[in-house]
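Containing mmCIF, C-alpha atoms: upload10.cif.
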```cif
data_my_file
loop_
_atom_site.label_atom_id
_atom_site.label_comp_id
_atom_site.auth_asym_id
_atom_site.auth_seq_id
_atom_site.Cartn_x
_atom_site.Cartn_y
_atom_site.Cartn_z
CA MET D 1 47.59 -10.16 -6.35
CA THR D 2 44.52 -7.90 -6.18
CA ASN D 3 41.25 -9.31 -5.01
CA MET D 4 38.75 -9.79 -7.77
CA LEU D 5 35.02 -9.14 -7.70
CA SER D 6 32.79 -11.55 -9.55
CA VAL D 7 30.33 -9.34 -11.36
CA LYS D 8 27.31 -10.33 -13.43
CA ILE D 9 25.87 -7.67 -15.71
CA TRP D 10 22.64 -7.79 -17.72
CA ARG D 11 23.27 -7.71 -21.48
CA GLY D 12 20.58 -7.27 -24.09
CA GLY D 13 17.09 -5.75 -24.07
CA SER D 14 14.05 -7.23 -22.31
CA GLU D 15 15.27 -10.52 -23.76
CA GLY D 16 18.82 -10.99 -22.65
CA ALA D 17 21.09 -12.69 -20.15
CA PHE D 18 23.69 -11.98 -17.52
CA THR D 19 27.35 -11.99 -18.55
CA ALA D 20 30.04 -12.66 -15.96
CA TYR D 21 33.08 -10.39 -15.56
CA SER D 22 36.01 -10.42 -13.17
CA VAL D 23 36.74 -6.91 -11.91
CA PRO D 24 39.68 -5.83 -9.70
CA SER D 25 38.50 -4.78 -6.26
CA GLN D 26 39.62 -1.39 -4.94
CA ASP D 27 39.16 0.70 -1.82
CA SER D 28 36.15 3.04 -1.81
CA GLN D 29 34.97 1.54 -5.10
CA THR D 30 31.41 2.36 -6.16
CA VAL D 31 29.12 0.17 -8.23
CA LEU D 32 29.35 2.76 -11.01
CA ASP D 33 33.16 2.40 -10.89
CA VAL D 34 32.70 -1.32 -11.48
CA VAL D 35 30.43 -0.78 -14.47
CA THR D 36 32.83 1.83 -15.89
CA TRP D 37 35.77 -0.58 -15.45
CA VAL D 38 33.91 -3.24 -17.42
CA GLN D 39 33.15 -0.82 -20.27
CA ARG D 40 36.70 0.48 -20.47
CA ASN D 41 38.56 -2.80 -19.99
CA ALA D 42 36.32 -5.72 -20.86
CA ASP D 43 33.53 -4.73 -23.21
CA PRO D 44 33.27 -1.25 -24.80
CA ALA D 45 29.78 -2.09 -26.11
CA LEU D 46 28.29 -2.10 -22.59
CA THR D 47 25.53 0.52 -22.42
CA TYR D 48 24.70 2.42 -19.24
CA ARG D 49 23.75 5.94 -18.15
CA PHE D 50 25.57 8.32 -15.86
CA ALA D 51 26.50 11.98 -15.79
CA CYS D 52 27.63 13.65 -12.59
CA ARG D 53 29.06 10.70 -10.57
CA VAL D 54 28.38 12.60 -7.32
CA GLY D 55 24.70 11.93 -6.57
CA MET D 56 23.24 15.06 -8.12
CA CYS D 57 21.85 14.10 -11.54
CA GLY D 58 19.88 10.93 -10.86
CA SER D 59 20.81 9.15 -14.09
CA CYS D 60 22.84 6.13 -12.89
CA ALA D 61 20.24 4.11 -10.97
CA MET D 62 20.43 0.34 -11.52
CA THR D 63 19.32 -2.83 -9.79
CA VAL D 64 22.24 -4.00 -7.63
CA ASN D 65 21.91 -7.47 -6.09
CA GLY D 66 18.15 -7.23 -6.56
CA VAL D 67 17.73 -3.77 -5.03
CA PRO D 68 17.42 -0.48 -6.95
CA ARG D 69 20.23 1.94 -6.01
CA TRP D 70 22.05 5.07 -7.20
CA THR D 71 25.23 3.38 -8.32
CA CYS D 72 27.58 6.38 -8.11
CA ARG D 73 27.10 6.69 -4.36
CA THR D 74 26.73 3.00 -3.56
CA HIS D 75 29.96 1.49 -2.28
CA VAL D 76 30.71 -2.06 -3.38
CA SER D 77 31.76 -2.91 0.19
CA LYS D 78 28.23 -2.09 1.40
CA VAL D 79 26.31 -4.24 -1.09
CA ALA D 80 28.57 -7.04 -2.39
CA LYS D 81 27.86 -10.49 -1.01
CA ASP D 82 31.14 -12.43 -0.73
CA GLY D 83 32.67 -10.33 -3.50
CA ALA D 84 29.72 -10.94 -5.84
CA LEU D 85 27.64 -8.29 -7.57
CA THR D 86 24.69 -8.74 -9.90
CA ILE D 87 23.90 -5.56 -11.81
CA ALA D 88 20.69 -5.24 -13.82
CA PRO D 89 18.63 -2.38 -15.27
CA LEU D 90 15.87 -0.82 -13.16
CA THR D 91 12.63 -2.80 -12.91
CA ASN D 92 9.15 -1.41 -13.76
CA LEU D 93 10.57 0.30 -16.87
CA PRO D 94 11.24 -1.14 -20.35
CA VAL D 95 14.88 -2.01 -20.99
CA ILE D 96 16.46 -0.33 -24.02
CA LYS D 97 19.83 -2.08 -23.90
CA ASP D 98 21.99 -3.53 -21.13
CA LEU D 99 21.68 -1.21 -18.10
CA ALA D 100 19.76 1.62 -19.80
CA CYS D 101 15.98 1.85 -19.31
CA ASP D 102 13.41 3.82 -21.23
CA MET D 103 12.46 6.52 -18.69
CA GLU D 104 9.60 7.94 -20.77
CA ALA D 105 6.75 6.45 -18.74
CA PHE D 106 8.38 7.72 -15.53
CA PHE D 107 8.61 11.31 -16.78
CA ASP D 108 5.21 11.22 -18.50
CA LYS D 109 3.69 10.45 -15.12
CA TRP D 110 5.26 13.61 -13.65
CA GLN D 111 3.26 15.50 -16.26
CA ARG D 112 0.11 13.44 -15.63
CA ALA D 113 0.39 14.30 -11.92
CA ASP D 114 0.50 18.01 -12.86
CA GLY D 115 4.02 18.09 -11.45
CA ARG D 116 4.77 21.57 -12.79
CA PHE D 117 4.48 25.00 -11.26
CA VAL D 118 1.57 27.15 -12.45
CA PRO D 119 2.38 30.84 -11.88
CA SER D 120 -0.22 33.01 -10.20
CA LYS D 121 1.55 36.35 -10.58
CA SER D 122 3.29 38.26 -13.33
CA ARG D 123 6.60 40.11 -13.24
CA HIS D 124 4.69 43.31 -12.46
CA ASP D 125 3.40 41.94 -9.15
CA ALA D 126 5.35 42.04 -5.95
CA ILE D 127 7.15 38.81 -5.04
CA PRO D 128 4.99 37.03 -2.46
CA ALA D 129 6.68 36.50 0.88
CA ILE D 130 6.89 32.86 1.99
CA ARG D 131 8.02 32.41 5.57
CA PRO D 132 10.72 29.70 5.77
CA ASP D 133 9.12 28.35 8.95
CA GLY D 134 5.56 28.35 7.59
CA SER D 135 3.95 24.91 7.85
CA LYS D 136 3.43 24.57 4.08
CA ARG D 137 6.99 25.67 3.31
CA VAL D 138 8.29 23.13 5.85
CA ALA D 139 6.17 20.35 4.28
CA ALA D 140 7.46 21.23 0.81
CA ASP D 141 11.07 21.39 2.06
CA GLU D 142 10.84 17.85 3.42
CA ALA D 143 9.99 16.52 -0.04
CA ILE D 144 11.86 18.78 -2.41
CA GLU D 145 15.30 17.18 -2.85
CA CYS D 146 14.21 14.60 -5.44
CA ILE D 147 16.77 13.93 -8.20
CA ASN D 148 14.38 11.92 -10.47
CA CYS D 149 16.54 8.78 -10.25
CA ALA D 150 13.48 6.45 -10.39
CA VAL D 151 14.81 4.21 -7.61
CA CYS D 152 11.45 4.59 -5.82
CA TYR D 153 9.53 3.90 -9.02
CA ALA D 154 11.49 0.68 -9.60
CA ALA D 155 11.05 -0.34 -5.96
CA CYS D 156 7.28 0.27 -5.85
CA ASP D 157 5.09 -2.86 -5.69
CA THR D 158 2.03 -0.83 -6.62
CA VAL D 159 3.67 0.27 -9.89
CA THR D 160 4.43 -3.41 -10.61
CA TRP D 161 0.81 -4.40 -9.97
CA ASN D 162 -0.84 -1.41 -11.67
CA VAL D 163 0.91 0.03 -14.74
CA ASP D 164 -1.25 3.15 -14.57
CA TYR D 165 -0.11 4.08 -11.06
CA LEU D 166 1.70 7.44 -11.07
CA GLY D 167 4.34 6.22 -8.65
CA PRO D 168 6.10 7.75 -5.63
CA ALA D 169 8.28 10.36 -7.37
CA ALA D 170 5.53 12.04 -9.42
CA LEU D 171 3.15 12.14 -6.44
CA ASN D 172 5.90 13.42 -4.14
CA ARG D 173 6.52 16.23 -6.65
CA ALA D 174 2.79 17.02 -6.75
CA TRP D 175 2.81 17.26 -2.93
CA THR D 176 5.57 19.90 -2.97
CA LEU D 177 3.41 21.96 -5.35
CA VAL D 178 0.26 21.46 -3.26
CA ASN D 179 2.26 23.20 -0.53
CA ASP D 180 3.42 26.02 -2.80
CA GLU D 181 1.35 29.05 -1.87
CA ARG D 182 2.24 30.83 -5.13
CA ASP D 183 0.89 28.03 -7.31
CA ALA D 184 -2.37 28.59 -9.23
CA GLY D 185 -2.95 25.03 -10.48
CA GLN D 186 -4.27 23.43 -7.28
CA LYS D 187 -7.71 22.27 -8.46
CA SER D 188 -6.51 20.62 -11.64
CA ARG D 189 -3.60 19.01 -9.76
CA LEU D 190 -5.89 17.61 -7.10
CA GLU D 191 -8.10 16.13 -9.81
CA ALA D 192 -5.03 14.65 -11.52
CA VAL D 193 -3.65 13.00 -8.39
CA THR D 194 -7.01 11.61 -7.24
CA ALA D 195 -7.92 10.06 -10.61
CA ASP D 196 -7.56 6.29 -11.18
CA GLY D 197 -3.93 5.31 -10.61
CA GLY D 198 -3.28 8.38 -8.44
CA CYS D 199 -2.34 8.81 -4.79
CA LEU D 200 -5.34 6.77 -3.61
CA SER D 201 -3.79 3.63 -5.11
CA CYS D 202 -0.79 3.80 -2.74
CA HIS D 203 -0.66 0.91 -0.26
CA SER D 204 1.91 2.55 2.03
CA HIS D 205 4.46 -0.27 1.71
CA GLN D 206 7.13 2.43 2.22
CA THR D 207 9.76 0.75 0.04
CA CYS D 208 10.19 4.16 -1.65
CA HIS D 209 11.04 5.70 1.72
CA GLU D 210 13.37 2.85 2.61
CA LEU D 211 15.39 3.06 -0.62
CA CYS D 212 15.26 6.76 -1.56
CA PRO D 213 18.94 7.79 -1.86
CA ASN D 214 18.10 11.26 -0.55
CA GLN D 215 16.14 9.86 2.38
CA LEU D 216 12.90 11.42 1.19
CA ASN D 217 9.64 9.89 2.31
CA PRO D 218 7.22 9.73 -0.64
CA THR D 219 4.78 7.64 1.42
CA ARG D 220 4.44 10.57 3.82
CA SER D 221 3.93 12.94 0.88
CA ILE D 222 1.28 10.64 -0.60
CA ALA D 223 -0.47 10.42 2.78
CA GLY D 224 -0.51 14.24 2.71
CA LEU D 225 -2.13 14.15 -0.73
CA LYS D 226 -4.72 11.65 0.55
CA ARG D 227 -5.55 13.96 3.48
CA THR D 228 -5.82 16.98 1.18
CA ALA D 229 -8.02 14.98 -1.21
CA ALA D 230 -10.31 13.66 1.55
CA SER D 231 -10.86 17.12 3.02
CA ALA D 232 -11.43 18.62 -0.45
CA TRP D 233 -14.01 15.87 -1.03
CA TRP D 234 -15.66 16.73 2.29
CA LYS D 235 -15.92 20.39 1.21
CA GLY D 236 -17.25 19.33 -2.21
CA ASP D 237 -14.27 20.74 -4.14
CA VAL D 238 -13.44 17.44 -5.87
CA ARG D 239 -15.56 14.37 -6.47
CA MET J 1 5.46 -4.78 2.67
CA TYR J 2 4.91 -7.76 4.97
CA ALA J 3 2.39 -5.72 6.95
CA SER J 4 0.38 -4.92 3.85
CA CYS J 5 0.51 -8.53 2.66
CA ILE J 6 -0.88 -9.63 6.02
CA HIS J 7 -3.56 -6.95 5.69
CA ARG J 8 -4.50 -8.01 2.18
CA LEU J 9 -4.48 -11.77 2.82
CA SER J 10 -6.49 -11.40 6.04
CA GLY J 11 -8.95 -9.20 4.14
CA ILE J 12 -9.36 -11.80 1.41
CA GLY J 13 -9.81 -14.51 4.06
CA LEU J 14 -12.52 -12.54 5.85
CA ALA J 15 -14.31 -11.72 2.59
CA MET J 16 -14.40 -15.42 1.72
CA PHE J 17 -15.68 -16.36 5.19
CA LEU J 18 -18.47 -13.76 5.45
CA PRO J 19 -20.97 -15.42 3.05
CA ALA J 20 -20.64 -18.72 4.97
CA HIS J 21 -21.03 -16.89 8.29
CA PHE J 22 -24.23 -15.20 7.08
CA LEU J 23 -25.64 -18.41 5.59
CA VAL J 24 -25.21 -20.30 8.88
CA LEU J 25 -26.90 -17.54 10.89
CA GLY J 26 -29.65 -17.42 8.25
CA LEU J 27 -30.49 -21.01 9.21
CA ALA J 28 -32.33 -19.61 12.23
CA LEU J 29 -34.89 -18.24 9.76
CA SER J 30 -36.39 -21.71 9.18
CA ASN J 31 -35.90 -23.12 12.66
CA GLU J 32 -33.69 -22.99 15.70
CA ALA J 33 -32.74 -26.66 15.43
CA ALA J 34 -31.06 -26.13 12.07
CA LEU J 35 -28.82 -23.39 13.52
CA ASP J 36 -28.11 -25.57 16.54
CA GLY J 37 -27.09 -28.42 14.23
CA ALA J 38 -24.58 -26.17 12.48
CA LEU J 39 -23.27 -24.94 15.83
CA ARG J 40 -22.79 -28.53 17.06
CA TRP J 41 -20.52 -29.02 14.02
CA THR J 42 -18.36 -26.18 15.37
CA ASP J 43 -17.75 -28.13 18.59
CA GLN J 44 -15.07 -30.22 16.86
CA PRO J 45 -11.55 -29.26 18.00
CA LEU J 46 -10.32 -28.69 14.43
CA VAL J 47 -13.20 -26.33 13.69
CA LYS J 48 -12.46 -24.50 16.94
CA LEU J 49 -8.88 -24.02 15.80
CA ALA J 50 -10.13 -22.71 12.45
CA GLU J 51 -12.36 -20.27 14.34
CA ALA J 52 -9.34 -19.07 16.27
CA GLY J 53 -7.73 -18.49 12.89
CA LEU J 54 -10.69 -16.32 11.89
CA VAL J 55 -10.46 -14.36 15.14
CA PHE J 56 -6.80 -13.74 14.33
CA LEU J 57 -7.65 -12.61 10.77
CA LEU J 58 -10.32 -10.21 12.05
CA THR J 59 -8.11 -8.72 14.77
CA VAL J 60 -5.02 -8.39 12.63
CA HIS J 61 -7.05 -6.77 9.83
CA ALA J 62 -8.70 -4.37 12.30
CA VAL J 63 -5.56 -3.38 14.21
CA GLY J 64 -3.49 -3.19 11.01
CA GLY J 65 -6.31 -1.10 9.56
CA ILE J 66 -6.12 1.31 12.49
CA ARG J 67 -2.40 1.68 11.76
CA LEU J 68 -3.22 2.58 8.15
CA LEU J 69 -5.97 5.04 9.11
CA VAL J 70 -3.54 6.75 11.49
CA LEU J 71 -0.76 6.76 8.88
CA GLU J 72 -3.04 8.25 6.23
CA ASN J 73 -4.96 10.74 8.32
CA LEU J 74 -2.70 11.96 11.12
CA PRO J 75 0.75 13.58 10.96
CA TRP J 76 3.50 11.14 10.01
CA ARG J 77 5.19 9.04 12.67
CA ASP J 78 8.37 7.03 12.18
CA GLY J 79 8.66 3.48 13.46
CA GLN J 80 5.94 1.95 11.30
CA LYS J 81 7.59 -1.46 11.55
CA THR J 82 7.17 -1.37 15.32
CA PHE J 83 3.48 -0.49 14.96
CA ALA J 84 2.97 -3.32 12.48
CA ALA J 85 4.67 -5.78 14.85
CA LEU J 86 2.48 -4.48 17.70
CA ALA J 87 -0.61 -5.14 15.58
CA VAL J 88 0.42 -8.77 15.09
CA GLY J 89 1.23 -9.06 18.80
CA CYS J 90 -2.18 -7.70 19.85
CA SER J 91 -3.90 -10.10 17.48
CA ALA J 92 -1.97 -13.06 18.86
CA LEU J 93 -3.04 -12.02 22.37
CA VAL J 94 -6.73 -11.75 21.42
CA THR J 95 -6.54 -15.10 19.60
CA PHE J 96 -4.94 -16.70 22.64
CA THR J 97 -7.74 -15.40 24.86
CA PHE J 98 -10.25 -16.88 22.42
CA LEU J 99 -8.46 -20.24 22.53
CA LEU J 100 -8.52 -20.23 26.34
CA ARG J 101 -12.27 -19.63 26.31
CA VAL J 102 -13.22 -21.95 23.49
CA PHE J 103 -11.62 -25.11 24.89
CA MET K 1 -17.83 5.78 -8.80
CA THR K 2 -14.70 7.90 -8.83
CA ALA K 3 -11.50 6.65 -7.23
CA LEU K 4 -11.89 9.32 -4.55
CA ARG K 5 -15.42 8.26 -3.60
CA LEU K 6 -14.35 4.64 -3.35
CA TYR K 7 -11.38 5.67 -1.19
CA VAL K 8 -13.53 7.76 1.17
CA ALA K 9 -16.20 5.03 1.36
CA GLN K 10 -13.62 2.36 2.19
CA ARG K 11 -11.87 4.43 4.86
CA LEU K 12 -15.13 5.71 6.41
CA THR K 13 -16.56 2.20 6.71
CA ALA K 14 -13.21 1.07 8.12
CA ALA K 15 -13.31 3.75 10.82
CA LEU K 16 -16.95 2.90 11.65
CA MET K 17 -16.09 -0.78 11.96
CA VAL K 18 -13.20 -0.23 14.40
CA PRO K 19 -15.47 0.06 17.48
CA MET K 20 -17.91 -2.47 16.00
CA ILE K 21 -15.19 -5.10 15.63
CA ALA K 22 -14.11 -4.44 19.22
CA VAL K 23 -17.70 -5.08 20.39
CA HIS K 24 -17.94 -8.13 18.11
CA LEU K 25 -14.69 -9.63 19.45
CA VAL K 26 -15.68 -9.05 23.08
CA THR K 27 -19.06 -10.66 22.38
CA ILE K 28 -17.40 -13.64 20.68
CA ILE K 29 -14.98 -14.23 23.53
CA TYR K 30 -17.69 -13.70 26.14
CA ALA K 31 -20.27 -15.88 24.41
CA ILE K 32 -18.04 -18.73 23.28
CA ASN K 33 -17.44 -20.12 26.79
CA ALA K 34 -16.57 -23.64 25.57
CA GLY K 35 -19.28 -23.85 22.93
CA LEU K 36 -22.24 -22.09 21.37
CA SER K 37 -25.94 -22.88 21.25
CA ALA K 38 -28.67 -21.43 19.09
CA GLU K 39 -30.76 -20.78 22.19
CA GLU K 40 -27.98 -18.75 23.77
CA ILE K 41 -27.42 -16.59 20.67
CA LEU K 42 -31.08 -16.07 19.92
CA SER K 43 -31.98 -15.22 23.51
CA ARG K 44 -29.55 -12.33 23.24
CA THR K 45 -30.66 -11.07 19.83
CA ARG K 46 -34.41 -11.87 19.46
CA GLY K 47 -36.47 -8.71 19.62
CA SER K 48 -33.46 -6.54 20.39
CA VAL K 49 -33.54 -3.31 18.43
CA GLY K 50 -30.02 -2.48 19.65
CA TRP K 51 -28.39 -5.71 18.39
CA GLY K 52 -30.51 -5.59 15.22
CA GLY K 53 -29.37 -2.06 14.38
CA PHE K 54 -25.78 -2.87 15.31
CA TYR K 55 -25.56 -5.94 13.09
CA ALA K 56 -27.44 -4.27 10.20
CA LEU K 57 -24.96 -1.37 10.18
CA PHE K 58 -22.08 -3.84 10.54
CA VAL K 59 -23.31 -5.80 7.51
CA ILE K 60 -23.66 -2.63 5.39
CA CYS K 61 -20.16 -1.42 6.33
CA ALA K 62 -18.59 -4.84 5.76
CA ALA K 63 -20.28 -5.23 2.35
CA ILE K 64 -19.06 -1.81 1.15
CA HIS K 65 -15.58 -2.14 2.66
CA GLY K 66 -15.04 -5.73 1.54
CA SER K 67 -16.22 -5.25 -2.02
CA ILE K 68 -13.96 -2.20 -2.58
CA GLY K 69 -11.05 -4.24 -1.23
CA ILE K 70 -11.87 -7.21 -3.46
CA ARG K 71 -12.03 -4.87 -6.48
CA THR K 72 -8.46 -3.68 -5.83
CA VAL K 73 -7.19 -7.21 -5.26
CA LEU K 74 -8.78 -8.39 -8.51
CA GLN K 75 -7.24 -5.49 -10.45
CA GLU K 76 -3.77 -5.90 -8.98
CA TRP K 77 -3.39 -9.62 -8.46
CA THR K 78 -5.50 -11.29 -11.13
CA LEU K 79 -5.96 -11.02 -14.88
CA VAL K 80 -9.41 -9.50 -14.36
CA ARG K 81 -9.10 -5.87 -15.44
CA ALA K 82 -10.96 -2.67 -14.56
CA ARG K 83 -14.42 -3.42 -15.96
CA GLY K 84 -14.54 -7.04 -14.84
CA ALA K 85 -13.38 -6.10 -11.35
CA ASP K 86 -16.13 -3.44 -11.16
CA VAL K 87 -18.83 -5.96 -12.07
CA LEU K 88 -17.53 -8.71 -9.76
CA SER K 89 -17.18 -6.37 -6.79
CA VAL K 90 -20.73 -5.02 -7.23
CA VAL K 91 -22.01 -8.60 -7.38
CA PHE K 92 -20.03 -9.40 -4.22
CA CYS K 93 -21.37 -6.32 -2.43
CA VAL K 94 -25.01 -7.13 -3.29
CA THR K 95 -24.53 -10.80 -2.29
CA LEU K 96 -23.09 -9.81 1.09
CA LEU K 97 -25.92 -7.29 1.64
CA ILE K 98 -28.64 -9.84 0.85
CA LEU K 99 -27.10 -12.73 2.85
CA GLY K 100 -26.12 -10.41 5.70
CA MET K 101 -29.50 -8.76 6.04
CA ARG K 102 -31.17 -12.18 5.86
CA ALA K 103 -28.93 -13.32 8.72
CA VAL K 104 -29.78 -10.22 10.78
CA VAL K 105 -33.50 -10.81 10.25
CA ALA K 106 -33.00 -14.48 11.15
CA VAL K 107 -31.39 -13.82 14.53
CA VAL K 108 -33.44 -10.77 15.51
CA SER K 109 -37.01 -11.68 14.51
#
```

Would you write the structure of this file as structure tokens?
Amino acid sequence: MTNMLSVKIWRGGSEGAFTAYSVPSQDSQTVLDVVTWVQRNADPALTYRFACRVGMCGSCAMTVNGVPRWTCRTHVSKVAKDGALTIAPLTNLPVIKDLACDMEAFFDKWQRADGRFVPSKSRHDAIPAIRPDGSKRVAADEAIECINCAVCYAACDTVTWNVDYLGPAALNRAWTLVNDERDAGQKSRLEAVTADGGCLSCHSHQTCHELCPNQLNPTRSIAGLKRTAASAWWKGDVR
Amino acid sequence: MYASCIHRLSGIGLAMFLPAHFLVLGLALSNEAALDGALRWTDQPLVKLAEAGLVFLLTVHAVGGIRLLVLENLPWRDGQKTFAALAVGCSALVTFTFLLRVF
Amino acid sequence: MTALRLYVAQRLTAALMVPMIAVHLVTIIYAINAGLSAEEILSRTRGSVGWGGFYALFVICAAIHGSIGIRTVLQEWTLVRARGADVLSVVFCVTLLILGMRAVVAVVS
């Protein structure tokens, strides 16, 4: 007889409850596999998000045994406690249904942090040369592999305490652009990330760093933003 | 997370203590005897222990604060948990020295 | 006050207080020697421009640093929101400045 996992999955919106399922255990099984098994074999009405299943798209993050994780690359054997799994939607975001959250606030904050490239040249200009070993390029490289999964946002205590806080992902994105020598939106971005709820609200708990599935370190990026902001203040460029 | 909770709680503790600290010292404004009276109250063993607690709060807030200033203003270093533990260790040492002197 | 000014003010006062706290702790541990007396404290501070200046600067830094910290704590951990936290932290800052300066005058003059 196969071993069974005892799985509890959140059902409903912000008001809801956990429902228990018994799921066959398999080798190399991921948490997303478990959720998929439940939808296909136990309850087709179960709602959840996923797309690529290989850790590229960032859509399948959920709270697994109390910790936000990318479920497609999280093995059950690593996180189950005595064959038990509790799977809930991400925290710090409104629940739509079951395991799907409303990501709007998360993405809006990317925009509020000016997390978009502002071109400084046209197609008629020569392409600027960026040395791969330049210090700014290296700093951007360290922060650039974000897949927008919102694990850091769900893990962040400061987001929980201050709903206006931009959060680790948006600020990390802003930091990569601060280090982009071709970008022409620096002043407005610096004003955006130093406003109320910006990088200066970060308490450096480093939960984002600890849980980021791509091992990024948003706390380090935010510290970089704080340094940039403090020196810009010193020069009188921002107030 | 634990480090920042220690930092915040010690900060709150110190902020609550400061007005009392200033009021007691302000007693010297009227006369020396009044300040001396308040200081005699601090001779009780329990008050001495509470003072050691304050010394710990001040040290742990200061050393933890240095860790934050370094983290925010100098290039990133890994091993922040070790630094946070060191901060608590240093504070325990300073508090212990205080206890040795006060009793 | 912008968020950036508050941030810079809190970190600058923090950096200033690092050496001051070290001096303060050494003084505490040196002076405590199994008890304190008013005479002992006042003999050190009365008429001393150095100690007077030191403690006055310490009080100013602590009032600024502490009130910015309290503002954040109120916003994040209590139901007091932005405006209320601003008012309460200014009140706290002014209270600390008045009581602190009074204490400095008391031990120096």

- Message: as a PyMOL selection string, please: the residues near segment 24-26 of chain K (cut-off 12 Å, only C-alpha atoms, same-chain neighbours under 3 positions excluded).
- Response: (chain J and resi 52+54-60+62+91+94-95+97-98+101) or (chain K and resi 17-21+29-33+51+54-55+58)

Give me the chain K side of the contact with chain J, cut-off 10 Å, one line per residue showing its nearest atom pair and distance in Å at one decimal, counting all atoms listed in the file, sorted by chain and residue number, as a Markdown table.
```
| residue | atom | partner | partner_atom | distance |
| --- | --- | --- | --- | --- |
| K:Arg11 | CA | J:Leu69 | CA | 7.3 |
| K:Leu12 | CA | J:Leu69 | CA | 9.6 |
| K:Ala14 | CA | J:Gly65 | CA | 7.4 |
| K:Ala15 | CA | J:Leu69 | CA | 7.6 |
| K:Met17 | CA | J:Ala62 | CA | 8.2 |
| K:Val18 | CA | J:Ala62 | CA | 6.5 |
| K:Pro19 | CA | J:Ala62 | CA | 9.6 |
| K:Ile21 | CA | J:Ala62 | CA | 7.3 |
| K:Ala22 | CA | J:Thr59 | CA | 8.6 |
| K:His24 | CA | J:Leu58 | CA | 10.0 |
| K:Leu25 | CA | J:Val55 | CA | 7.7 |
| K:Val26 | CA | J:Val94 | CA | 9.5 |
| K:Ile28 | CA | J:Phe98 | CA | 8.0 |
| K:Ile29 | CA | J:Phe98 | CA | 5.5 |
| K:Tyr30 | CA | J:Arg101 | CA | 8.0 |
| K:Ala31 | CA | J:Arg101 | CA | 9.0 |
| K:Ile32 | CA | J:Val102 | CA | 5.8 |
| K:Asn33 | CA | J:Arg101 | CA | 5.2 |
| K:Ala34 | CA | J:Val102 | CA | 4.3 |
| K:Gly35 | CA | J:Asp43 | CA | 6.3 |
| K:Leu36 | CA | J:Leu39 | CA | 6.3 |
| K:Ser37 | CA | J:Asp36 | CA | 5.8 |
| K:Ala38 | CA | J:Asp36 | CA | 4.9 |
| K:Glu39 | CA | J:Glu32 | CA | 7.5 |
| K:Glu40 | CA | J:Asp36 | CA | 9.9 |
| K:Ile41 | CA | J:Leu25 | CA | 9.8 |
| K:Leu42 | CA | J:Glu32 | CA | 8.5 |
| K:Val59 | CA | J:Phe22 | CA | 9.5 |
| K:Ala62 | CA | J:Ala15 | CA | 8.7 |
| K:Ala63 | CA | J:Ala15 | CA | 8.8 |
| K:His65 | CA | J:Ala15 | CA | 9.7 |
| K:Gly66 | CA | J:Ala15 | CA | 6.1 |
| K:Ser67 | CA | J:Ala15 | CA | 8.2 |
| K:Gly69 | CA | J:Gly11 | CA | 7.6 |
| K:Ile70 | CA | J:Ile12 | CA | 7.1 |
| K:Thr72 | CA | J:Arg8 | CA | 9.9 |
| K:Val73 | CA | J:Arg8 | CA | 8.0 |
| K:Phe92 | CA | J:Ala15 | CA | 9.2 |
| K:Thr95 | CA | J:Pro19 | CA | 7.9 |
| K:Leu96 | CA | J:Pro19 | CA | 6.3 |
| K:Leu97 | CA | J:Pro19 | CA | 9.6 |
| K:Ile98 | CA | J:Phe22 | CA | 9.3 |
| K:Leu99 | CA | J:Phe22 | CA | 5.7 |
| K:Gly100 | CA | J:Phe22 | CA | 5.3 |
| K:Met101 | CA | J:Phe22 | CA | 8.4 |
| K:Arg102 | CA | J:Gly26 | CA | 6.0 |
| K:Ala103 | CA | J:Gly26 | CA | 4.2 |
| K:Val104 | CA | J:Gly26 | CA | 7.6 |
| K:Val105 | CA | J:Leu29 | CA | 7.6 |
| K:Ala106 | CA | J:Leu29 | CA | 4.4 |
| K:Val107 | CA | J:Ala28 | CA | 6.3 |
| K:Val108 | CA | J:Ala28 | CA | 9.5 |
| K:Ser109 | CA | J:Leu29 | CA | 8.4 |
```

- Query: Got a sec to pull out which chain D residues are within 8 Å of chain J, counting all atoms listed in the file, and send them as a PyMOL selection string?
  - Reply: chain D and resi 203-207+220+223-224+226-227

- Any chance you could work out the residue set of the PyMOL selection byres ((chain D and resi 89-106) around 7) here, as an NGL selection string? :D and (10-14 or 46-49 or 61-63 or 68 or 88 or 107-110 or 154 or 159-160)

- Query: Residues of chain D within 7 Å of chain K, using all atoms listed in the file, as number ranges by chain?
  - Reply: D: 161-162, 194-196, 200, 230, 239

- Query: What is the distance between atom CA of Leu216 of chain D and atom CA of Glu142 of chain D, in Å to one decimal?
  - Reply: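 A separation of 7.1 Å between them.
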
- Item | Exercise: residues within 12 Å of coordinate (11.6, 26.7, 5.0), counting only C-alpha atoms, as a list in words | Ala129, Ile130, Arg131, Pro132, Asp133, Gly134, Ser135, Lys136, Arg137, Val138, Ala139, Ala140, Asp141, Glu142, Ala143, Ile144, Asn179 and Asp180 of chain D

- Item | Length of the atom CA of Arg112 of chain D to atom CA of Arg83 of chain K vector [Å] |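 These two atoms are separated by 22.3 Å.
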
- Query: To one decimal place, how far is atom CA of Leu86 of chain J from atom CA of Gly64 of chain J in Å?
  - Reply: 9.1 Å
